[in-house]
$ cat upload03.csv   # CSV, C-alpha atoms
chain,number,residue,atom,x,y,z
A,1,MET,CA,20.4,-3.3,32.0
A,2,SER,CA,21.8,-2.3,28.7
A,3,LEU,CA,19.6,-0.5,26.2
A,4,PHE,CA,21.2,-2.3,23.2
A,5,TYR,CA,21.2,-6.0,22.3
A,6,GLU,CA,23.2,-7.1,19.2
A,7,PRO,CA,21.0,-10.1,18.1
A,8,MET,CA,17.9,-8.0,18.3
A,9,ALA,CA,19.5,-5.3,16.1
A,10,THR,CA,20.5,-8.0,13.7
A,11,ILE,CA,16.9,-9.2,13.4
A,12,PHE,CA,15.6,-5.7,12.7
A,13,ALA,CA,18.4,-5.1,10.2
A,14,ARG,CA,17.7,-8.2,8.3
A,15,GLU,CA,13.9,-7.9,8.1
A,16,PHE,CA,13.8,-4.2,7.3
A,17,PHE,CA,16.5,-4.6,4.7
A,18,GLU,CA,14.5,-7.4,2.9
A,19,ALA,CA,11.2,-5.5,3.3
A,20,ALA,CA,12.7,-2.4,1.7
A,21,ILE,CA,14.2,-4.4,-1.1
A,22,ILE,CA,10.9,-6.1,-1.8
A,23,ILE,CA,9.0,-2.8,-2.0
A,24,GLY,CA,11.8,-1.2,-4.1
A,25,GLN,CA,11.8,-4.1,-6.6
A,26,TYR,CA,8.0,-3.9,-7.2
A,27,ARG,CA,8.1,-0.1,-7.6
A,28,THR,CA,11.0,-0.4,-10.0
A,29,VAL,CA,9.3,-3.1,-12.2
A,30,LEU,CA,6.1,-1.2,-12.2
A,31,LEU,CA,7.7,2.0,-13.3
A,32,ARG,CA,9.7,0.3,-16.1
A,33,SER,CA,7.0,-2.1,-17.3
A,34,PRO,CA,5.4,-1.0,-20.7
A,35,GLU,CA,1.9,-1.9,-19.5
A,36,TRP,CA,2.2,0.5,-16.5
A,37,GLN,CA,3.4,3.6,-18.4
A,38,GLU,CA,0.0,5.3,-18.3
A,39,GLU,CA,0.3,8.0,-15.6
A,40,GLN,CA,-3.0,7.3,-13.8
A,41,LYS,CA,-2.5,3.6,-13.9
A,42,GLN,CA,1.0,4.0,-12.6
A,43,LYS,CA,-0.1,6.2,-9.7
A,44,GLU,CA,-2.8,3.5,-8.8
A,45,GLY,CA,-0.1,0.8,-8.9
A,46,LEU,CA,2.3,2.7,-6.6
A,47,LYS,CA,-0.6,3.5,-4.2
A,48,ALA,CA,-1.5,-0.2,-4.1
A,49,ILE,CA,2.1,-1.1,-3.2
A,50,ASN,CA,2.2,1.4,-0.3
A,51,GLN,CA,-1.2,0.4,1.0
A,52,ALA,CA,-0.4,-3.3,0.9
A,53,ALA,CA,2.9,-2.7,2.7
A,54,LEU,CA,1.2,-0.6,5.4
A,55,ALA,CA,-1.7,-3.0,5.9
A,56,ALA,CA,0.6,-6.0,6.1
A,57,SER,CA,2.9,-4.3,8.7
A,58,ALA,CA,-0.1,-3.3,10.8
A,59,VAL,CA,-1.6,-6.8,10.8
A,60,ALA,CA,1.8,-8.4,11.6
A,61,VAL,CA,2.4,-6.0,14.5
A,62,ILE,CA,-1.0,-6.7,16.0
A,63,VAL,CA,-0.7,-10.5,15.8
A,64,THR,CA,2.8,-10.4,17.2
A,65,LEU,CA,1.8,-8.3,20.2
A,66,CYS,CA,-1.1,-10.7,20.9
A,67,VAL,CA,1.3,-13.6,21.1
A,68,LEU,CA,4.3,-11.8,22.7
A,69,ILE,CA,2.6,-10.0,25.6
A,70,PRO,CA,1.3,-13.2,27.3
A,71,LEU,CA,4.6,-15.0,26.7
A,72,LEU,CA,6.5,-12.1,28.3
A,73,ILE,CA,4.2,-12.2,31.4
A,74,LEU,CA,4.7,-16.0,31.7
A,75,GLY,CA,8.4,-15.6,30.9
A,76,ASN,CA,9.2,-13.9,34.3
A,77,GLU,CA,9.1,-17.4,35.8
A,78,LEU,CA,11.9,-18.7,33.7
A,79,ASP,CA,15.1,-19.9,35.5
A,80,LYS,CA,18.6,-18.8,34.5
A,81,ARG,CA,19.5,-22.0,32.7
A,82,THR,CA,16.4,-21.9,30.5
A,83,ALA,CA,17.0,-18.2,29.8
A,84,GLU,CA,20.6,-19.0,28.6
A,85,VAL,CA,19.3,-21.7,26.3
A,86,ILE,CA,16.8,-19.3,24.9
A,87,GLU,CA,19.5,-16.7,24.4
A,88,GLY,CA,21.6,-19.2,22.6
A,89,ILE,CA,18.8,-20.1,20.3
A,90,SER,CA,18.2,-16.4,19.5
A,91,LYS,CA,21.9,-16.0,18.5
A,92,VAL,CA,21.8,-19.1,16.3
A,93,ILE,CA,18.7,-17.9,14.6
A,94,ALA,CA,20.3,-14.5,14.1
A,95,ALA,CA,23.4,-16.2,12.6
A,96,MET,CA,21.2,-18.0,10.1
A,97,ALA,CA,19.5,-14.7,9.2
A,98,ILE,CA,22.8,-12.9,8.6
A,99,LEU,CA,24.1,-15.8,6.5
A,100,GLN,CA,20.9,-15.5,4.3
A,101,ILE,CA,21.7,-11.8,3.9
A,102,SER,CA,25.3,-12.5,2.9
A,103,VAL,CA,23.8,-14.6,0.0
A,104,LEU,CA,21.1,-12.1,-0.8
A,105,VAL,CA,23.5,-9.1,-1.3
A,106,PRO,CA,25.4,-10.8,-4.3
A,107,LYS,CA,22.0,-11.7,-5.7
A,108,LEU,CA,20.8,-8.1,-5.6
A,109,LEU,CA,24.0,-6.9,-7.2
A,110,GLY,CA,23.7,-9.4,-10.0
A,111,VAL,CA,26.7,-11.5,-9.1
A,112,TYR,CA,24.6,-14.5,-8.1
A,113,VAL,CA,21.8,-15.3,-10.6
A,114,THR,CA,19.0,-17.9,-10.7
A,115,LYS,CA,17.0,-19.3,-13.6
A,116,LYS,CA,14.0,-17.3,-12.6
A,117,SER,CA,15.7,-14.0,-12.0
A,118,ASN,CA,15.6,-11.0,-14.3
A,119,ASP,CA,17.2,-7.6,-14.1
A,120,GLU,CA,14.9,-6.4,-11.3
A,121,GLY,CA,14.4,-9.8,-9.5
A,122,VAL,CA,10.6,-9.8,-10.0
A,123,GLU,CA,8.6,-11.3,-12.8
A,124,LEU,CA,7.2,-8.9,-15.4
A,125,GLY,CA,3.5,-8.8,-16.3
A,126,LEU,CA,2.3,-7.5,-12.9
A,127,THR,CA,-1.4,-7.1,-12.3
A,128,MET,CA,-3.1,-5.0,-9.6
A,129,ARG,CA,-4.2,-8.2,-7.9
A,130,SER,CA,-0.7,-9.8,-8.0
A,131,ILE,CA,0.8,-6.6,-6.7
A,132,ARG,CA,-1.5,-6.4,-3.7
A,133,PHE,CA,-1.2,-10.1,-2.9
A,134,ASN,CA,2.6,-10.4,-3.3
A,135,VAL,CA,3.5,-7.2,-1.5
A,136,PHE,CA,1.1,-7.9,1.4
A,137,TRP,CA,2.3,-11.5,1.8
A,138,ASN,CA,6.0,-10.6,1.7
A,139,ILE,CA,5.9,-7.6,3.9
A,140,TRP,CA,3.6,-9.5,6.4
A,141,ARG,CA,6.2,-12.3,6.5
A,142,GLU,CA,9.1,-10.0,7.1
A,143,VAL,CA,7.5,-8.0,9.9
A,144,ALA,CA,6.0,-11.1,11.5
A,145,GLU,CA,9.4,-12.7,11.5
A,146,ILE,CA,10.7,-9.8,13.6
A,147,GLY,CA,8.1,-10.8,16.3
A,148,ILE,CA,8.9,-14.5,16.0
A,149,PHE,CA,12.6,-13.9,16.4
A,150,LEU,CA,12.1,-11.5,19.3
A,151,ILE,CA,10.2,-14.0,21.4
A,152,PRO,CA,13.3,-16.1,22.4
A,153,ILE,CA,15.4,-12.9,22.8
A,154,LEU,CA,13.0,-11.2,25.2
A,155,LEU,CA,12.4,-14.4,27.2
A,156,GLY,CA,16.1,-14.6,27.9
A,157,ASP,CA,18.2,-12.7,30.3
A,158,GLY,CA,20.2,-10.8,27.6
A,159,ALA,CA,17.4,-8.4,26.7
A,160,SER,CA,14.2,-6.8,27.8
A,161,ALA,CA,11.5,-4.6,26.1
A,162,SER,CA,13.6,-1.5,27.0
A,163,THR,CA,16.2,-2.7,24.5
A,164,ILE,CA,13.8,-2.7,21.5
A,165,PRO,CA,13.9,1.1,20.6
A,166,LEU,CA,17.7,1.5,20.4
A,167,SER,CA,18.2,-2.0,18.9
A,168,ALA,CA,15.5,-1.4,16.3
A,169,LEU,CA,17.0,2.0,15.4
A,170,VAL,CA,20.5,0.5,15.0
A,171,GLY,CA,19.1,-2.3,12.9
A,172,MET,CA,17.2,0.1,10.6
A,173,ILE,CA,20.3,2.3,10.2
A,174,ILE,CA,22.3,-0.8,9.2
A,175,ALA,CA,19.5,-1.8,6.8
A,176,ALA,CA,19.6,1.7,5.3
A,177,ALA,CA,23.4,1.5,5.0
A,178,LEU,CA,23.2,-1.8,3.2
A,179,GLY,CA,20.5,-0.6,0.9
A,180,GLY,CA,22.5,2.5,0.2
A,181,LEU,CA,25.6,0.5,-0.7
A,182,ILE,CA,23.5,-1.7,-3.0
A,183,TYR,CA,22.0,1.4,-4.7
A,184,TYR,CA,25.5,2.9,-5.1
A,185,GLY,CA,26.8,-0.3,-6.5
A,186,ASN,CA,24.0,-0.6,-9.0
A,187,GLN,CA,24.3,3.0,-10.1
A,188,LYS,CA,28.1,3.8,-9.9
A,189,LEU,CA,30.3,0.7,-9.8
A,190,GLU,CA,31.0,-1.1,-13.1
A,191,ASP,CA,32.5,-4.1,-11.4
A,192,LYS,CA,29.9,-5.1,-8.7
A,193,LYS,CA,31.8,-8.2,-7.8
A,194,VAL,CA,34.2,-6.2,-5.5
A,195,LEU,CA,31.3,-4.7,-3.6
A,196,ALA,CA,29.5,-8.0,-3.3
A,197,PHE,CA,32.6,-9.8,-2.1
A,198,PHE,CA,33.3,-7.1,0.6
A,199,MET,CA,29.7,-7.0,1.9
A,200,ALA,CA,29.3,-10.8,1.9
A,201,THR,CA,32.6,-11.3,3.7
A,202,VAL,CA,31.7,-8.9,6.5
A,203,LEU,CA,28.2,-10.5,6.9
A,204,VAL,CA,29.6,-14.1,6.9
A,205,PHE,CA,32.0,-13.3,9.8
A,206,LEU,CA,29.2,-11.5,11.7
A,207,SER,CA,27.1,-14.7,11.2
A,208,VAL,CA,30.1,-16.8,12.4
A,209,GLY,CA,30.4,-14.7,15.5
A,210,LEU,CA,26.7,-15.0,16.4
A,211,PHE,CA,26.7,-18.8,15.8
A,212,VAL,CA,29.8,-19.4,18.0
A,213,GLY,CA,28.3,-17.1,20.7
A,214,GLY,CA,25.0,-19.0,20.6
A,215,CYS,CA,26.7,-22.4,20.9
A,216,HIS,CA,28.8,-21.1,23.8
A,217,GLU,CA,25.6,-20.2,25.6
A,218,PHE,CA,24.6,-23.9,25.4
A,219,GLU,CA,28.0,-24.7,26.6
A,220,GLU,CA,27.6,-22.6,29.8
A,221,VAL,CA,24.4,-24.4,30.6
A,222,TRP,CA,25.5,-28.0,30.0
A,223,GLY,CA,29.2,-27.7,30.8
A,224,GLU,CA,32.1,-26.1,29.0
A,225,THR,CA,34.5,-28.1,26.9
A,226,ARG,CA,38.2,-27.9,27.4
A,227,LYS,CA,40.0,-24.6,26.9
A,228,VAL,CA,42.3,-24.6,23.9
A,229,TRP,CA,43.9,-21.3,24.8
A,230,LYS,CA,43.4,-18.1,26.8
A,231,ILE,CA,45.3,-14.8,26.3
A,232,GLU,CA,45.8,-13.0,29.6
A,233,ASN,CA,46.9,-9.7,28.2
A,234,ASN,CA,44.0,-7.1,28.6
A,235,PHE,CA,44.9,-5.6,25.2
A,236,TRP,CA,43.6,-8.8,23.5
A,237,SER,CA,40.5,-9.1,25.7
A,238,HIS,CA,37.3,-9.5,23.7
A,239,LYS,CA,35.5,-7.6,26.5
A,240,GLU,CA,37.6,-4.3,26.2
A,241,LEU,CA,38.7,-1.9,23.5
A,242,PRO,CA,40.1,-2.2,21.0
A,243,MET,CA,39.5,-5.9,20.4
A,244,VAL,CA,35.9,-5.8,21.5
A,245,VAL,CA,35.2,-4.3,18.1
A,246,LEU,CA,36.1,-7.7,16.6
A,247,LYS,CA,33.9,-9.7,19.0
A,248,PRO,CA,30.8,-9.6,16.8
A,249,PHE,CA,32.8,-11.2,14.0
A,250,GLY,CA,33.9,-14.2,16.0
A,251,TYR,CA,37.0,-13.0,17.8
A,252,SER,CA,37.7,-14.2,21.3
A,253,ALA,CA,40.7,-14.0,23.6
A,254,SER,CA,39.9,-17.6,24.7
A,255,ARG,CA,38.7,-20.6,22.9
A,256,THR,CA,37.0,-23.8,24.0
A,257,VAL,CA,37.0,-26.9,21.9
A,258,LEU,CA,33.3,-26.3,21.0
A,259,GLN,CA,34.0,-22.7,20.1
A,260,MET,CA,36.9,-23.6,17.8
A,261,CYS,CA,34.9,-26.4,16.1
A,262,THR,CA,31.8,-24.2,15.6
A,263,PHE,CA,33.8,-21.4,14.3
A,264,TRP,CA,35.4,-23.4,11.5
A,265,LEU,CA,32.3,-25.5,10.9
A,266,TRP,CA,30.1,-22.4,10.3
A,267,LEU,CA,32.7,-20.6,8.3
A,268,GLY,CA,33.2,-23.7,6.2
A,269,LEU,CA,29.4,-24.0,5.7
A,270,ALA,CA,29.1,-20.4,4.7
A,271,GLY,CA,32.0,-20.8,2.2
A,272,ALA,CA,30.4,-23.9,0.7
A,273,VAL,CA,27.0,-22.1,0.3
A,274,HIS,CA,28.6,-19.1,-1.5
A,275,LEU,CA,30.7,-21.4,-3.7
A,276,TRP,CA,27.6,-23.3,-4.7
A,277,PHE,CA,25.7,-20.1,-5.6
A,278,TYR,CA,28.7,-18.8,-7.5
A,279,LEU,CA,29.3,-22.0,-9.5
A,280,ARG,CA,25.5,-22.3,-10.2
A,281,SER,CA,25.5,-18.7,-11.4
A,282,GLN,CA,28.4,-19.3,-13.7
A,283,LYS,CA,26.6,-22.3,-15.2
A,284,ILE,CA,23.4,-20.3,-15.7
A,285,LEU,CA,25.2,-17.4,-17.3
A,286,ALA,CA,27.1,-19.8,-19.6
A,287,GLN,CA,23.8,-21.4,-20.7
A,288,ARG,CA,22.3,-18.0,-21.4
A,289,HIS,CA,25.3,-17.0,-23.4
A,290,THR,CA,25.1,-20.2,-25.5
A,291,GLU,CA,21.3,-19.7,-26.1
A,292,LYS,CA,22.0,-16.1,-27.2
A,293,GLU,CA,24.7,-17.3,-29.7
A,294,LEU,CA,22.4,-20.0,-31.1
A,295,LYS,CA,19.6,-17.4,-31.6
A,296,SER,CA,22.0,-15.0,-33.2
A,297,TYR,CA,23.3,-17.8,-35.5
A,298,SER,CA,19.8,-18.8,-36.4
A,299,SER,CA,18.9,-15.2,-37.2
A,300,ASP,CA,21.9,-14.8,-39.4
A,301,GLU,CA,21.1,-17.9,-41.3
A,302,GLU,CA,17.5,-16.8,-41.9
A,303,MET,CA,18.7,-13.4,-43.2
A,304,ALA,CA,21.2,-15.1,-45.5
A,305,ASP,CA,18.5,-17.4,-46.9
A,306,ASN,CA,16.2,-14.4,-47.5
A,307,ASP,CA,19.0,-12.6,-49.3
A,308,VAL,CA,19.6,-15.7,-51.5
A,309,GLU,CA,15.9,-15.9,-52.4
A,310,GLU,CA,15.7,-12.2,-53.2
A,311,THR,CA,18.8,-12.5,-55.5
A,312,ALA,CA,17.3,-15.5,-57.3
$ encode --input "upload03.csv" --output "structure tokens"
Amino acid sequence: MSLFYEPMATIFAREFFEAAIIIGQYRTVLLRSPEWQEEQKQKEGLKAINQAALAASAVAVIVTLCVLIPLLILGNELDKRTAEVIEGISKVIAAMAILQISVLVPKLLGVYVTKKSNDEGVELGLTMRSIRFNVFWNIWREVAEIGIFLIPILLGDGASASTIPLSALVGMIIAAALGGLIYYGNQKLEDKKVLAFFMATVLVFLSVGLFVGGCHEFEEVWGETRKVWKIENNFWSHKELPMVVLKPFGYSASRTVLQMCTFWLWLGLAGAVHLWFYLRSQKILAQRHTEKELKSYSSDEEMADNDVEETA
């Protein structure tokens, strides 16, 4: 059996990426907040973040193992059809996870904004209590989600416990790479839209590939729809190099009706989601610009009135 499983690596990449971003956000806000500039208080705050993250991770791992081990023991009795359905579900879940990341990246780069967002993405005015609670809750959620998403994967035929180490390592490397690109984009690139567009496009097509693959698993259980085309030349095979590299992004040398429909359906949905976030961001930015102009105009009028009074 293979030691690597793509949907599993995807789950690890998504959750570790988000966990790292959450910790980084709180550390950044704490270091920049005026009320946390005292050295001793700052050290205590950073220590609280680290302790909350470690405690949350430990609790989540213990709870996940308590649930996962009995299910794995009972899972040996699953028949092939059930296992394929579970594998299909795991790929669809991974597709949704990657689509979420494709939206998260432009948010982190400041291309997509929300009414509640600020420069760091976390509200200012942090207290020790809010730090401990928010970091613990968010890291617990991210780590626990890994366990939840691993259950259908490990109960299927596509993966076993032996695939966890390598898949987790690849996922963490991907998460580190994404985090590094975001850091580089925040520090070096003046136009972050280019980086956001590139990363979001890659992630969207990865999500499309997983969704189409998951739906095809269902198709293999309940009967395949009609083949639309099939390329016989081995060069174009999605199972061999070089085209196998494009398989995670939705490429296939053959297409059924369901595969074709799900490809364009998911791609269209992803495009609509990104368009909505972009248009909403533009609206929010326009409102903020108008508010700033009104404040500036009011301030100028007040200064002018004061000048008139002083002259009189």
$ atom_distance --input "upload03.csv" --atom1 "atom CA of A:His216" --atom2 "atom CA of A:Met8"
17.9 Å
$ closest_residue --input "upload03.csv" --among "A:Arg132, A:Lys41, A:Lys107, A:Lys292" --to "A:Leu54" --atoms "all atoms listed in the file"
A:Arg132
$ residues_near_point --input "upload03.csv" --point "(35.8, -21.1, 27.6)" --cutoff "10 Å" --atoms "all atoms listed in the file" --output "short mmCIF file (atom, residue, chain, number, x, y, z; two decimals) with C-alpha atoms, in the coordinates of the input"
data_model
loop_
_atom_site.label_atom_id
_atom_site.label_comp_id
_atom_site.auth_asym_id
_atom_site.auth_seq_id
_atom_site.Cartn_x
_atom_site.Cartn_y
_atom_site.Cartn_z
CA HIS A 216 28.80 -21.10 23.80
CA GLU A 219 28.00 -24.70 26.60
CA GLU A 220 27.60 -22.60 29.80
CA GLY A 223 29.20 -27.70 30.80
CA GLU A 224 32.10 -26.10 29.00
CA THR A 225 34.50 -28.10 26.90
CA ARG A 226 38.20 -27.90 27.40
CA LYS A 227 40.00 -24.60 26.90
CA VAL A 228 42.30 -24.60 23.90
CA TRP A 229 43.90 -21.30 24.80
CA LYS A 230 43.40 -18.10 26.80
CA SER A 252 37.70 -14.20 21.30
CA ALA A 253 40.70 -14.00 23.60
CA SER A 254 39.90 -17.60 24.70
CA ARG A 255 38.70 -20.60 22.90
CA THR A 256 37.00 -23.80 24.00
CA VAL A 257 37.00 -26.90 21.90
CA LEU A 258 33.30 -26.30 21.00
CA GLN A 259 34.00 -22.70 20.10
#
$ residues_near_point --input "upload03.csv" --point "(15.8, -22.4, 25.2)" --cutoff "10 Å" --atoms "all atoms listed in the file" --output "VMD selection string"
chain A and resid 81 to 90 152 to 153 155 to 156 218
$ atom_distance --input "upload03.csv" --atom1 "atom CA of A:Trp137" --atom2 "atom CA of A:Gly180"
24.6 Å
$ residues_around --input "upload03.csv" --residues "A:Gly45" --least-positions-apart "5" --cutoff "12 Å" --atoms "all atoms listed in the file" --output "PDB file with C-alpha atoms, in the coordinates of the input"
ATOM      1  CA  ILE A  23       9.000  -2.800  -2.000  1.00  0.00           C
ATOM      2  CA  TYR A  26       8.000  -3.900  -7.200  1.00  0.00           C
ATOM      3  CA  ARG A  27       8.100  -0.100  -7.600  1.00  0.00           C
ATOM      4  CA  THR A  28      11.000  -0.400 -10.000  1.00  0.00           C
ATOM      5  CA  VAL A  29       9.300  -3.100 -12.200  1.00  0.00           C
ATOM      6  CA  LEU A  30       6.100  -1.200 -12.200  1.00  0.00           C
ATOM      7  CA  LEU A  31       7.700   2.000 -13.300  1.00  0.00           C
ATOM      8  CA  SER A  33       7.000  -2.100 -17.300  1.00  0.00           C
ATOM      9  CA  GLU A  35       1.900  -1.900 -19.500  1.00  0.00           C
ATOM     10  CA  TRP A  36       2.200   0.500 -16.500  1.00  0.00           C
ATOM     11  CA  GLN A  37       3.400   3.600 -18.400  1.00  0.00           C
ATOM     12  CA  GLU A  38       0.000   5.300 -18.300  1.00  0.00           C
ATOM     13  CA  GLU A  39       0.300   8.000 -15.600  1.00  0.00           C
ATOM     14  CA  GLN A  40      -3.000   7.300 -13.800  1.00  0.00           C
ATOM     15  CA  ASN A  50       2.200   1.400  -0.300  1.00  0.00           C
ATOM     16  CA  GLN A  51      -1.200   0.400   1.000  1.00  0.00           C
ATOM     17  CA  ALA A  52      -0.400  -3.300   0.900  1.00  0.00           C
ATOM     18  CA  LEU A 126       2.300  -7.500 -12.900  1.00  0.00           C
ATOM     19  CA  THR A 127      -1.400  -7.100 -12.300  1.00  0.00           C
ATOM     20  CA  MET A 128      -3.100  -5.000  -9.600  1.00  0.00           C
ATOM     21  CA  ARG A 129      -4.200  -8.200  -7.900  1.00  0.00           C
ATOM     22  CA  SER A 130      -0.700  -9.800  -8.000  1.00  0.00           C
ATOM     23  CA  ILE A 131       0.800  -6.600  -6.700  1.00  0.00           C
ATOM     24  CA  ARG A 132      -1.500  -6.400  -3.700  1.00  0.00           C
ATOM     25  CA  VAL A 135       3.500  -7.200  -1.500  1.00  0.00           C
TER      26      VAL A 135
END
$ atom_distance --input "upload03.csv" --atom1 "atom CA of A:Trp264" --atom2 "atom CA of A:Ala97"
18.3 Å
$ residues_around --input "upload03.csv" --residues "A:Trp140" --least-positions-apart "5" --cutoff "7 Å" --atoms "all atoms listed in the file" --output "list in words"
Ala56, Ser57 and Ala60 of chain A
$ closest_residue --input "upload03.csv" --among "A:Leu150, A:Ile93, A:Thr114, A:Glu291" --to "A:Val212" --atoms "all atoms listed in the file"
A:Ile93
$ closest_residue --input "upload03.csv" --among "A:Leu166, A:Leu46, A:Ala20, A:Leu206" --to "A:Ile139" --atoms "all atoms listed in the file"
A:Ala20
$ residues_around --input "upload03.csv" --residues "A:Pro165" --least-positions-apart "6" --cutoff "10 Å" --atoms "only C-alpha atoms" --output "mmCIF file with C-alpha atoms, in the frame of the given file"
data_model
loop_
_atom_site.group_PDB
_atom_site.id
_atom_site.type_symbol
_atom_site.label_atom_id
_atom_site.label_comp_id
_atom_site.auth_asym_id
_atom_site.auth_seq_id
_atom_site.Cartn_x
_atom_site.Cartn_y
_atom_site.Cartn_z
ATOM 1 C CA LEU A 3 19.600 -0.500 26.200
ATOM 2 C CA PHE A 4 21.200 -2.300 23.200
ATOM 3 C CA ALA A 9 19.500 -5.300 16.100
ATOM 4 C CA GLY A 171 19.100 -2.300 12.900
#
$ closest_residue --input "upload03.csv" --among "A:Arg141, A:Lys91, A:His289, A:Lys47" --to "A:Val61" --atoms "only C-alpha atoms"
A:Arg141
$ closest_residue --input "upload03.csv" --among "A:Lys295, A:Leu169, A:Leu65, A:Gln287" --to "A:Ile11" --atoms "only C-alpha atoms"
A:Leu169
$ closest_residue --input "upload03.csv" --among "A:Met96, A:Leu68, A:Val103, A:Ile62" --to "A:Gly209" --atoms "all atoms listed in the file"
A:Met96
$ decode --input "upload03.csv" --residues "stretch 209-215 of chain A" --atoms "all heavy atoms" --output "compact mmCIF listing (two decimals), in the first residue's frame"
# COMPACT_ATOMS: atom_id res chain seq x y z
N GLY A 209 -10.26 19.36 -8.76
CA GLY A 209 -9.80 17.99 -8.97
C GLY A 209 -10.28 17.04 -7.90
O GLY A 209 -10.69 15.90 -8.18
N LEU A 210 -10.24 17.48 -6.65
CA LEU A 210 -10.69 16.63 -5.55
C LEU A 210 -12.20 16.40 -5.61
O LEU A 210 -12.68 15.29 -5.35
CB LEU A 210 -10.32 17.28 -4.21
CG LEU A 210 -8.83 17.20 -3.84
CD1 LEU A 210 -8.53 18.15 -2.69
CD2 LEU A 210 -8.45 15.78 -3.47
N PHE A 211 -12.96 17.44 -5.94
CA PHE A 211 -14.42 17.30 -6.00
C PHE A 211 -14.83 16.34 -7.12
O PHE A 211 -15.68 15.47 -6.92
CB PHE A 211 -15.06 18.66 -6.22
CG PHE A 211 -16.56 18.63 -6.19
CD1 PHE A 211 -17.24 18.51 -5.00
CD2 PHE A 211 -17.30 18.71 -7.37
CE1 PHE A 211 -18.63 18.47 -4.96
CE2 PHE A 211 -18.68 18.67 -7.35
CZ PHE A 211 -19.34 18.56 -6.14
N VAL A 212 -14.22 16.50 -8.29
CA VAL A 212 -14.53 15.61 -9.42
C VAL A 212 -14.14 14.18 -9.08
O VAL A 212 -14.89 13.24 -9.35
CB VAL A 212 -13.79 16.08 -10.69
CG1 VAL A 212 -13.98 15.06 -11.82
CG2 VAL A 212 -14.31 17.45 -11.14
N GLY A 213 -12.96 14.00 -8.45
CA GLY A 213 -12.51 12.66 -8.07
C GLY A 213 -13.43 12.03 -7.04
O GLY A 213 -13.73 10.83 -7.12
N GLY A 214 -13.92 12.82 -6.08
CA GLY A 214 -14.83 12.28 -5.08
C GLY A 214 -16.15 11.86 -5.67
O GLY A 214 -16.68 10.79 -5.36
N CYS A 215 -16.69 12.68 -6.57
CA CYS A 215 -17.95 12.32 -7.23
C CYS A 215 -17.79 11.09 -8.12
O CYS A 215 -18.72 10.28 -8.26
CB CYS A 215 -18.46 13.50 -8.06
SG CYS A 215 -18.99 14.91 -7.06
